[in-house]
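See below for input29.tsv, which holds TSV, C-alpha atoms and all ligand atoms.
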chain	number	residue	atom	x	y	z
G	1	MET	CA	93.80	85.37	97.89
G	2	ASP	CA	95.26	83.02	95.31
G	3	TYR	CA	98.79	83.94	94.28
G	4	ARG	CA	98.94	81.74	91.19
G	5	GLY	CA	98.73	83.15	87.67
G	6	LYS	CA	98.44	86.76	88.83
G	7	TYR	CA	99.78	89.98	87.26
G	8	ILE	CA	100.51	92.33	90.10
G	9	LEU	CA	101.05	96.06	90.64
G	10	ALA	CA	104.17	96.48	92.82
G	11	PRO	CA	104.28	98.60	95.97
G	12	MET	CA	105.51	102.10	95.13
G	13	VAL	CA	106.00	104.95	97.59
G	14	ARG	CA	104.06	108.10	96.66
G	15	VAL	CA	102.68	106.38	93.53
G	16	GLY	CA	100.62	103.44	94.78
G	17	GLY	CA	97.73	105.39	96.30
G	18	LEU	CA	94.10	104.45	95.66
G	19	PRO	CA	93.78	106.27	92.28
G	20	PHE	CA	96.83	104.54	90.79
G	21	ARG	CA	95.76	101.14	92.13
G	22	MET	CA	92.25	101.59	90.67
G	23	LEU	CA	93.74	102.71	87.35
G	24	ALA	CA	95.98	99.61	87.15
G	25	ALA	CA	93.12	97.33	88.17
G	26	GLY	CA	90.94	98.89	85.47
G	27	TYR	CA	93.55	97.85	82.91
G	28	GLY	CA	93.74	94.30	84.28
G	29	ALA	CA	96.02	94.15	87.35
G	30	ASP	CA	94.82	91.21	89.45
G	31	ILE	CA	96.44	92.27	92.72
G	32	THR	CA	97.47	95.82	93.65
G	33	TYR	CA	99.93	96.68	96.43
G	34	GLY	CA	99.75	99.94	98.30
G	35	GLU	CA	102.92	101.90	98.93
G	36	GLU	CA	105.05	100.96	101.93
G	37	ILE	CA	103.75	102.67	105.07
G	38	VAL	CA	105.97	102.74	108.12
G	39	ASP	CA	104.41	101.19	111.25
G	40	HIS	CA	105.05	104.25	113.47
G	41	LYS	CA	103.15	106.44	110.99
G	42	MET	CA	100.14	104.11	110.86
G	43	LEU	CA	100.00	103.87	114.64
G	44	CYS	CA	99.30	107.63	114.76
G	45	CYS	CA	96.17	107.11	112.63
G	46	GLU	CA	92.50	106.48	113.24
G	47	ARG	CA	90.12	104.67	110.90
G	48	VAL	CA	87.49	106.93	109.37
G	49	GLU	CA	84.66	105.95	107.02
G	50	ASN	CA	84.43	108.70	104.45
G	51	GLU	CA	80.80	108.70	103.33
G	52	ALA	CA	81.19	111.41	100.71
G	53	LEU	CA	83.80	109.40	98.81
G	54	GLY	CA	82.82	105.87	99.83
G	55	THR	CA	86.32	105.20	101.15
G	56	VAL	CA	87.92	103.98	104.34
G	57	ASP	CA	90.64	106.42	105.39
G	58	PHE	CA	93.41	105.99	107.93
G	59	VAL	CA	93.95	109.56	109.05
G	60	ASP	CA	96.78	110.96	111.16
G	61	LYS	CA	95.11	112.12	114.37
G	62	LYS	CA	97.22	115.27	114.64
G	63	SER	CA	97.99	116.45	111.10
G	64	LYS	CA	94.74	115.02	109.61
G	65	ASP	CA	96.81	113.75	106.66
G	66	ILE	CA	95.36	110.68	104.96
G	67	ILE	CA	98.02	108.00	105.29
G	68	PHE	CA	96.11	105.12	103.67
G	69	ARG	CA	92.88	105.29	101.67
G	70	THR	CA	91.04	102.28	100.33
G	71	CYS	CA	87.53	101.33	99.21
G	72	ASP	CA	85.22	98.33	98.95
G	73	ALA	CA	85.83	97.85	95.23
G	74	GLU	CA	89.48	96.90	95.85
G	75	LYS	CA	89.04	95.00	99.10
G	76	HIS	CA	89.54	91.60	97.44
G	77	ARG	CA	92.82	92.56	95.75
G	78	VAL	CA	94.56	95.30	97.74
G	79	VAL	CA	97.71	94.41	99.66
G	80	PHE	CA	98.85	96.65	102.49
G	81	GLN	CA	102.65	96.84	102.70
G	82	VAL	CA	104.25	97.80	105.99
G	83	GLY	CA	107.74	99.07	106.79
G	84	THR	CA	108.72	97.63	110.15
G	85	ALA	CA	111.49	96.33	112.35
G	86	ASP	CA	109.33	95.13	115.21
G	87	ALA	CA	106.84	92.25	115.42
G	88	VAL	CA	104.55	93.81	118.03
G	89	ARG	CA	104.24	97.18	116.28
G	90	CYS	CA	103.74	95.43	112.98
G	91	LEU	CA	100.93	93.27	114.37
G	92	LYS	CA	99.20	96.35	115.80
G	93	VAL	CA	99.19	97.89	112.32
G	94	ALA	CA	97.97	94.65	110.75
G	95	ASN	CA	95.08	94.50	113.22
G	96	MET	CA	94.11	98.08	112.34
G	97	VAL	CA	93.78	97.37	108.61
G	98	ALA	CA	93.04	93.64	108.37
G	99	GLY	CA	89.29	94.12	107.95
G	100	ASP	CA	89.73	96.44	104.97
G	101	ILE	CA	92.35	94.64	102.86
G	102	ALA	CA	93.01	91.34	101.08
G	103	ALA	CA	96.54	90.61	102.35
G	104	PHE	CA	99.34	92.04	104.47
G	105	ASP	CA	102.94	92.32	103.20
G	106	VAL	CA	106.21	93.21	104.93
G	107	ASN	CA	108.80	95.19	102.98
G	108	MET	CA	112.19	93.50	103.26
G	109	GLY	CA	113.75	94.97	100.14
G	110	CYS	CA	113.91	98.76	100.37
G	111	PRO	CA	117.60	99.83	100.26
G	112	LYS	CA	116.93	103.53	100.95
G	113	SER	CA	118.48	104.95	104.12
G	114	PHE	CA	115.12	106.20	105.47
G	115	SER	CA	114.14	102.54	105.69
G	116	THR	CA	117.41	100.82	106.58
G	117	SER	CA	118.42	103.39	109.23
G	118	GLY	CA	115.36	102.32	111.22
G	119	GLY	CA	116.26	98.64	110.73
G	120	MET	CA	113.45	98.27	108.16
G	121	GLY	CA	113.37	97.27	104.49
G	122	SER	CA	116.52	95.51	103.27
G	123	ALA	CA	118.12	95.90	106.72
G	124	LEU	CA	115.90	92.96	107.74
G	125	LEU	CA	117.62	90.67	105.25
G	126	ASP	CA	120.61	90.35	107.62
G	127	LYS	CA	118.34	89.41	110.54
G	128	PRO	CA	116.65	86.08	109.85
G	129	GLU	CA	115.55	85.71	113.50
G	130	LEU	CA	113.73	89.03	113.39
G	131	ILE	CA	112.15	88.09	110.04
G	132	HIS	CA	110.97	84.85	111.66
G	133	ASP	CA	109.60	86.72	114.67
G	134	ILE	CA	107.68	89.26	112.56
G	135	LEU	CA	106.22	86.74	110.12
G	136	THR	CA	105.24	84.09	112.67
G	137	THR	CA	103.62	86.74	114.89
G	138	LEU	CA	101.55	87.93	111.94
G	139	ARG	CA	100.69	84.41	110.82
G	140	ARG	CA	99.53	83.34	114.29
G	141	ASN	CA	97.26	86.34	114.75
G	142	LEU	CA	95.81	87.23	111.36
G	143	ASN	CA	93.08	85.64	109.29
G	144	ILE	CA	94.29	87.14	106.03
G	145	PRO	CA	97.31	86.05	103.95
G	146	VAL	CA	100.72	87.29	105.08
G	147	THR	CA	103.55	87.75	102.57
G	148	CYS	CA	106.88	89.53	102.30
G	149	LYS	CA	108.96	91.06	99.53
G	150	VAL	CA	112.71	90.52	99.45
G	151	ARG	CA	115.68	91.23	97.20
G	152	LEU	CA	118.31	88.74	96.11
G	153	LEU	CA	121.18	88.33	98.56
G	154	LYS	CA	124.87	88.37	97.59
G	155	THR	CA	124.92	84.69	96.60
G	156	CYS	CA	122.31	82.38	95.27
G	157	GLY	CA	122.86	79.97	98.18
G	158	GLU	CA	122.18	82.70	100.74
G	159	THR	CA	118.99	83.77	98.95
G	160	VAL	CA	117.69	80.23	98.80
G	161	GLU	CA	118.51	79.61	102.47
G	162	LEU	CA	116.67	82.75	103.60
G	163	SER	CA	113.72	82.01	101.31
G	164	ARG	CA	113.38	78.53	102.82
G	165	ARG	CA	113.36	80.03	106.32
G	166	ILE	CA	110.68	82.48	105.22
G	167	GLU	CA	108.60	79.68	103.70
G	168	LYS	CA	108.68	77.81	107.04
G	169	THR	CA	106.96	80.75	108.77
G	170	GLY	CA	103.80	79.87	106.83
G	171	VAL	CA	103.61	82.90	104.54
G	172	SER	CA	101.21	82.55	101.61
G	173	ALA	CA	103.69	83.79	99.00
G	174	LEU	CA	107.12	85.36	98.63
G	175	ALA	CA	107.81	88.26	96.27
G	176	VAL	CA	111.39	88.37	94.98
G	177	HIS	CA	112.85	91.47	93.36
G	178	GLY	CA	115.65	90.16	91.15
G	179	ARG	CA	118.24	92.70	92.25
G	180	ARG	CA	120.67	92.79	95.17
G	181	VAL	CA	120.75	95.67	97.64
G	182	ALA	CA	123.79	97.21	95.95
G	183	ASP	CA	122.28	97.01	92.45
G	184	ARG	CA	120.85	100.12	90.83
G	185	PRO	CA	117.47	100.18	89.05
G	186	ARG	CA	119.27	100.42	85.68
G	187	ASP	CA	121.14	97.16	86.35
G	188	PRO	CA	119.31	94.28	84.69
G	189	ALA	CA	117.17	92.18	87.02
G	190	ASN	CA	118.56	88.69	87.55
G	191	TRP	CA	115.74	86.38	86.49
G	192	ASP	CA	118.02	83.32	86.93
G	193	GLY	CA	118.41	84.23	90.60
G	194	ILE	CA	114.62	84.27	90.98
G	195	ARG	CA	114.40	80.89	89.24
G	196	GLU	CA	116.70	79.37	91.88
G	197	VAL	CA	114.32	80.53	94.62
G	198	VAL	CA	111.28	79.20	92.75
G	199	SER	CA	112.96	75.78	92.38
G	200	ALA	CA	113.69	75.61	96.11
G	201	LEU	CA	110.19	76.51	97.39
G	202	SER	CA	106.68	75.05	97.30
G	203	ILE	CA	104.79	78.28	98.05
G	204	PRO	CA	103.99	80.67	95.18
G	205	VAL	CA	106.82	83.03	94.26
G	206	ILE	CA	106.03	86.44	92.79
G	207	ALA	CA	108.79	87.43	90.36
G	208	ASN	CA	109.67	91.12	90.09
G	209	GLY	CA	112.08	93.13	87.94
G	210	ASP	CA	112.18	94.47	84.38
G	211	VAL	CA	108.65	93.93	83.10
G	212	PHE	CA	107.87	96.71	80.65
G	213	ASP	CA	105.43	95.14	78.23
G	214	TYR	CA	102.47	92.78	78.48
G	215	SER	CA	104.46	90.01	76.79
G	216	ASP	CA	107.16	90.33	79.49
G	217	PHE	CA	104.73	88.88	82.07
G	218	GLN	CA	104.65	85.51	80.33
G	219	ARG	CA	108.35	85.71	79.38
G	220	MET	CA	109.23	86.21	83.04
G	221	LYS	CA	106.93	83.38	84.14
G	222	ASP	CA	108.53	81.05	81.61
G	223	ALA	CA	112.08	82.10	82.50
G	224	THR	CA	111.68	81.88	86.28
G	225	GLY	CA	108.88	79.35	86.76
G	226	ALA	CA	107.29	81.88	89.15
G	227	SER	CA	103.58	81.63	89.94
G	228	SER	CA	102.95	85.35	89.45
G	229	VAL	CA	104.69	88.43	88.13
G	230	MET	CA	104.90	91.95	89.61
G	231	VAL	CA	105.63	95.22	87.78
G	232	ALA	CA	106.67	98.63	89.16
G	233	ARG	CA	108.31	101.13	86.76
G	234	GLY	CA	106.66	99.64	83.69
G	235	ALA	CA	103.31	100.47	85.29
G	236	VAL	CA	104.32	104.03	86.21
G	237	TRP	CA	105.39	104.70	82.65
G	238	ASN	CA	102.20	103.19	81.27
G	239	ALA	CA	99.65	101.62	83.63
G	240	SER	CA	97.93	99.96	80.68
G	241	VAL	CA	100.86	97.50	80.62
G	242	PHE	CA	98.33	95.10	82.19
G	243	ARG	CA	96.09	95.13	79.07
G	244	PRO	CA	96.25	91.86	77.12
G	245	GLU	CA	95.15	93.83	74.00
G	246	GLY	CA	98.26	96.02	74.21
G	247	MET	CA	99.20	99.33	75.76
G	248	LEU	CA	97.17	102.49	75.23
G	249	TYR	CA	98.75	105.81	74.28
G	250	TRP	CA	100.54	107.05	77.40
G	251	GLU	CA	99.06	110.57	77.22
G	252	ASP	CA	95.56	109.06	77.42
G	253	VAL	CA	96.59	106.87	80.37
G	254	LYS	CA	97.91	109.96	82.13
G	255	THR	CA	94.58	111.76	81.66
G	256	GLU	CA	92.77	108.69	83.03
G	257	TYR	CA	95.06	108.85	86.06
G	258	VAL	CA	94.09	112.48	86.70
G	259	LYS	CA	90.41	111.45	86.48
G	260	ARG	CA	90.98	108.72	89.09
G	261	CYS	CA	92.72	111.31	91.31
G	262	ILE	CA	89.72	113.61	91.06
G	263	GLU	CA	87.36	110.71	91.68
G	264	TRP	CA	89.18	109.69	94.87
G	265	ASP	CA	90.14	113.22	95.94
G	266	ASN	CA	93.84	112.38	95.93
G	267	ASN	CA	96.42	114.45	97.75
G	268	VAL	CA	97.62	117.11	95.29
G	269	HIS	CA	101.32	116.60	96.10
G	270	TRP	CA	101.11	112.85	95.48
G	271	THR	CA	99.17	113.47	92.28
G	272	LYS	CA	101.87	115.82	91.01
G	273	HIS	CA	104.65	113.45	92.04
G	274	THR	CA	103.14	110.54	90.11
G	275	LEU	CA	102.35	112.66	87.06
G	276	LYS	CA	105.95	113.89	86.99
G	277	ALA	CA	107.23	110.30	87.22
G	278	MET	CA	104.99	109.45	84.24
G	279	ILE	CA	106.12	112.49	82.25
G	280	MET	CA	109.83	112.02	82.97
G	281	HIS	CA	109.98	108.74	81.10
G	282	PHE	CA	108.71	110.23	77.83
G	283	SER	CA	109.55	113.90	78.03
G	284	ASN	CA	111.16	116.48	80.26
G	285	VAL	CA	109.56	117.89	83.42
G	286	GLU	CA	111.22	121.22	82.61
G	287	PHE	CA	108.87	121.56	79.63
G	288	SER	CA	105.62	123.53	79.88
G	289	GLU	CA	103.49	120.67	81.26
G	290	GLY	CA	105.94	119.98	84.09
G	291	LYS	CA	106.19	123.69	84.91
G	292	ALA	CA	102.40	124.07	84.91
G	293	LEU	CA	102.16	121.12	87.29
G	294	THR	CA	104.76	122.58	89.63
G	295	ARG	CA	102.60	125.70	89.97
G	296	CYS	CA	99.48	123.71	90.93
G	297	LYS	CA	98.44	124.07	94.55
G	298	THR	CA	95.13	122.18	94.35
G	299	LEU	CA	93.66	119.20	92.57
G	300	ALA	CA	91.33	121.60	90.78
G	301	ALA	CA	94.37	123.33	89.31
G	302	VAL	CA	95.78	119.97	88.16
G	303	ALA	CA	92.42	119.20	86.54
G	304	ASP	CA	92.73	122.51	84.73
G	305	VAL	CA	96.16	121.58	83.28
G	306	TYR	CA	94.63	118.44	81.73
G	307	GLY	CA	91.40	120.09	80.48
G	308	LEU	CA	89.32	118.28	83.11
G	309	GLN	CA	87.70	121.25	84.85
G	310	SER	CA	84.15	120.15	83.97
G	311	TYR	CA	84.89	116.57	85.09
G	312	TYR	CA	86.08	118.00	88.39
G	313	ARG	CA	83.01	120.20	88.84
G	314	GLU	CA	80.57	117.44	87.85
G	315	LEU	CA	81.98	115.08	90.45
G	316	ASP	CA	81.94	117.79	93.06
G	317	VAL	CA	78.30	118.61	92.41
G	318	ALA	CA	77.36	114.91	92.36
G	319	ARG	CA	78.87	114.57	95.83
G	320	GLY	CA	76.90	117.55	97.03
G	321	GLY	CA	80.07	119.61	97.38
G	322	SER	CA	82.43	117.62	99.60
G	323	GLY	CA	86.07	118.44	100.24
G	324	LEU	CA	86.50	119.19	96.56
G	325	SER	CA	84.30	122.26	96.64
G	326	ARG	CA	86.48	123.79	99.33
G	327	GLU	CA	89.36	123.70	96.84
G	328	LEU	CA	87.24	125.48	94.25
G	329	LEU	CA	86.55	128.29	96.71
G	330	PHE	CA	90.28	128.90	96.93
G	331	LEU	CA	90.46	129.11	93.16
G	332	THR	CA	87.63	131.55	92.53
G	401	LIG	C1	109.62	101.19	94.42
G	401	LIG	N1	109.85	99.96	95.05
G	401	LIG	C2	109.26	99.70	96.27
G	401	LIG	N2	109.34	98.45	96.81
G	401	LIG	C3	108.70	98.13	97.96
G	401	LIG	O1	108.75	96.99	98.41
G	401	LIG	N3	107.96	99.10	98.61
G	401	LIG	C4	107.83	100.37	98.13
G	401	LIG	O2	107.12	101.20	98.72
G	401	LIG	C5	108.53	100.70	96.94
G	401	LIG	N4	108.49	101.99	96.41
G	401	LIG	C6	108.93	102.21	95.13
G	401	LIG	C7	108.67	103.44	94.51
G	401	LIG	C8	109.02	103.63	93.19
G	401	LIG	C9	108.69	104.93	92.52
G	401	LIG	C10	109.70	102.60	92.48
G	401	LIG	C11	110.10	102.79	91.02
G	401	LIG	C12	110.00	101.41	93.09
G	401	LIG	C13	110.49	98.86	94.31
G	401	LIG	C14	109.50	98.21	93.36
G	401	LIG	O3	108.39	97.67	94.05
G	401	LIG	C15	110.17	97.09	92.54
G	401	LIG	O4	110.63	96.09	93.41
G	401	LIG	C16	111.34	97.59	91.70
G	401	LIG	O5	111.10	98.83	91.10
G	401	LIG	C17	111.68	96.57	90.59
G	401	LIG	O6	110.60	96.38	89.72
G	401	LIG	P1	110.59	97.04	88.24
G	401	LIG	O7	110.62	98.53	88.40
G	401	LIG	O8	111.84	96.55	87.54
G	401	LIG	O9	109.32	96.52	87.62

Would you put the structure from the file into structure tokens?
Ligand code: FNR
Amino acid sequence: MDYRGKYILAPMVRVGGLPFRMLAAGYGADITYGEEIVDHKMLCCERVENEALGTVDFVDKKSKDIIFRTCDAEKHRVVFQVGTADAVRCLKVANMVAGDIAAFDVNMGCPKSFSTSGGMGSALLDKPELIHDILTTLRRNLNIPVTCKVRLLKTCGETVELSRRIEKTGVSALAVHGRRVADRPRDPANWDGIREVVSALSIPVIANGDVFDYSDFQRMKDATGASSVMVARGAVWNASVFRPEGMLYWEDVKTEYVKRCIEWDNNVHWTKHTLKAMIMHFSNVEFSEGKALTRCKTLAAVADVYGLQSYYRELDVARGGSGLSRELLFLT
């Protein structure tokens, strides 16, 4: 994996499943991160090759929920992001998925209490020894690139010091979200802060924060000197942000997303969550589309909302009636 000159889909909980990653890649994303998955959750999973879909699924042994789904077509660009506070657990997860992914990333930026209360996400930023332990353990034992994603610390000096320590662990790249833990998403990202990190390191830095348009990728590269640029919300609002020719109409992108969800038999709750995040930026989820989505209990019902019933049925028949057909039985 080369981290230079890349436009990257950011990790996003409940958004960055296989359909969204494939959608973004179809529009030009070079590297696509999966959502953060907590180590404990992954360790309850087994690896299953899903022949009907052509995917590799990591399935919770008890609940049978699919925790991580990937496929061959994205193997060279998909990054698995873990939520962890323990080097041994983290390595166990990495060993489970290493053969199916392009790189392994540790989340060190999530400020949400579900992450920090377990010592994960941004809670790691106060523990440089633990960061060192996790990253060196991964580096010593894995044959794929290891990276991590951090936020800016309170001062520029502190951020640079921590980044240098991270670089010494041998990671292949460092992603920097240009906000501090206390900042809110609406606060502007501090591109100058990212530039300071870039100047201090030799490894590729992936700059993240406030990319909403294709031209922003180059603007951010120029402003920060970063090797690569990563986008989160801009991609949710319109995944065709990666298209050099310009963005497509967002309603069409949304329909394409539903098609990808049908294609990869996405979890209906995740599908609805992502669609609502897309809708919220342009409209109001209280309007008829949002209400219709709320009522959907199956992916077939979601397909119906977007006029994709025949697409759904065609795929189901082509697969010889896999899991999708079971949903149809509920409907009829
Ligand atoms: C995020 N972010 C995030 N970060 C991370 O490291 N792991 C994750 O799982 C998530 N999940 C997530 C979900 C959603 C819906 C959003 C909007 C964001 C943070 C994200 O990757 C990124 O760092 C920030 O959103 C800043 O980038 P943008 O939005 O300014 O491009």

- Spatial neighbours of stretch 120-137 of chain G, 8 Å, all atoms listed in the file, chain gap at least 5 places, as a ChimeraX atom specification: /G:83-88,90-91,107-111,115,146,150-151,153,162,165-166,169-171,181

The residues within 6 Å of (93.4, 90.4, 92.3), using all atoms listed in the file and the coordinates of the file, should be reported as a PDB file with C-alpha atoms, in the coordinates of the input; which are they?
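Final output, saved to point-v5.pdb:
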ATOM      1  CA  ASP G  30      94.820  91.210  89.450  1.00  0.00           C
ATOM      2  CA  ILE G  31      96.440  92.270  92.720  1.00  0.00           C
ATOM      3  CA  ARG G  77      92.820  92.560  95.750  1.00  0.00           C
TER       4      ARG G  77
END

- Task: For each of G:Asn267, G:Thr32, G:Thr70, G:Asn95, take the minimum atom-to-atom distance to ligand LIG 401 (chain G), counting all atoms listed in the file, then give the residue where this is smallest.
- Result: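 Ranked by minimum distance to ligand LIG 401 (chain G), first place goes to G:Thr32.
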
List the spatial neighbours of G:Ala73 as a CSV table (one decimal) with C-alpha atoms, keeping the file's coordinate frame - criterion: any atom at most 12 Å away, only C-alpha atoms, same-chain residues fewer than 6 positions off excluded.
chain,number,residue,atom,x,y,z
G,18,LEU,CA,94.1,104.4,95.7
G,19,PRO,CA,93.8,106.3,92.3
G,21,ARG,CA,95.8,101.1,92.1
G,22,MET,CA,92.2,101.6,90.7
G,25,ALA,CA,93.1,97.3,88.2
G,26,GLY,CA,90.9,98.9,85.5
G,32,THR,CA,97.5,95.8,93.6
G,54,GLY,CA,82.8,105.9,99.8
G,55,THR,CA,86.3,105.2,101.2
G,56,VAL,CA,87.9,104.0,104.3
G,100,ASP,CA,89.7,96.4,105.0
G,101,ILE,CA,92.4,94.6,102.9
G,102,ALA,CA,93.0,91.3,101.1

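Environment of ligand LIG 401 (chain G), defined as every protein or nucleic acid residue with an atom within 7 Å of it and counting all atoms listed in the file, comprises Ala10, Pro11, Met12, Val13, Arg14, Val15, Glu35, Glu36, Asn107, Met108, Gly109, Cys110, Lys149, His177, Pro185, Ala189, Asn208, Gly209, Asp210, Val211, Met230, Val231, Ala232, Arg233 and Gly234 of chain G.
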
- Can you tell me, as a list in words, what residues are no more than 12 Å from G:Phe282 when counting only C-alpha atoms, ignoring any on the same chain fewer than 6 positions away?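 The filter keeps Val236, Trp237, Asn238, Tyr249, Trp250, Glu251, Lys254, Leu275, Lys276 and Gly290 of chain G.
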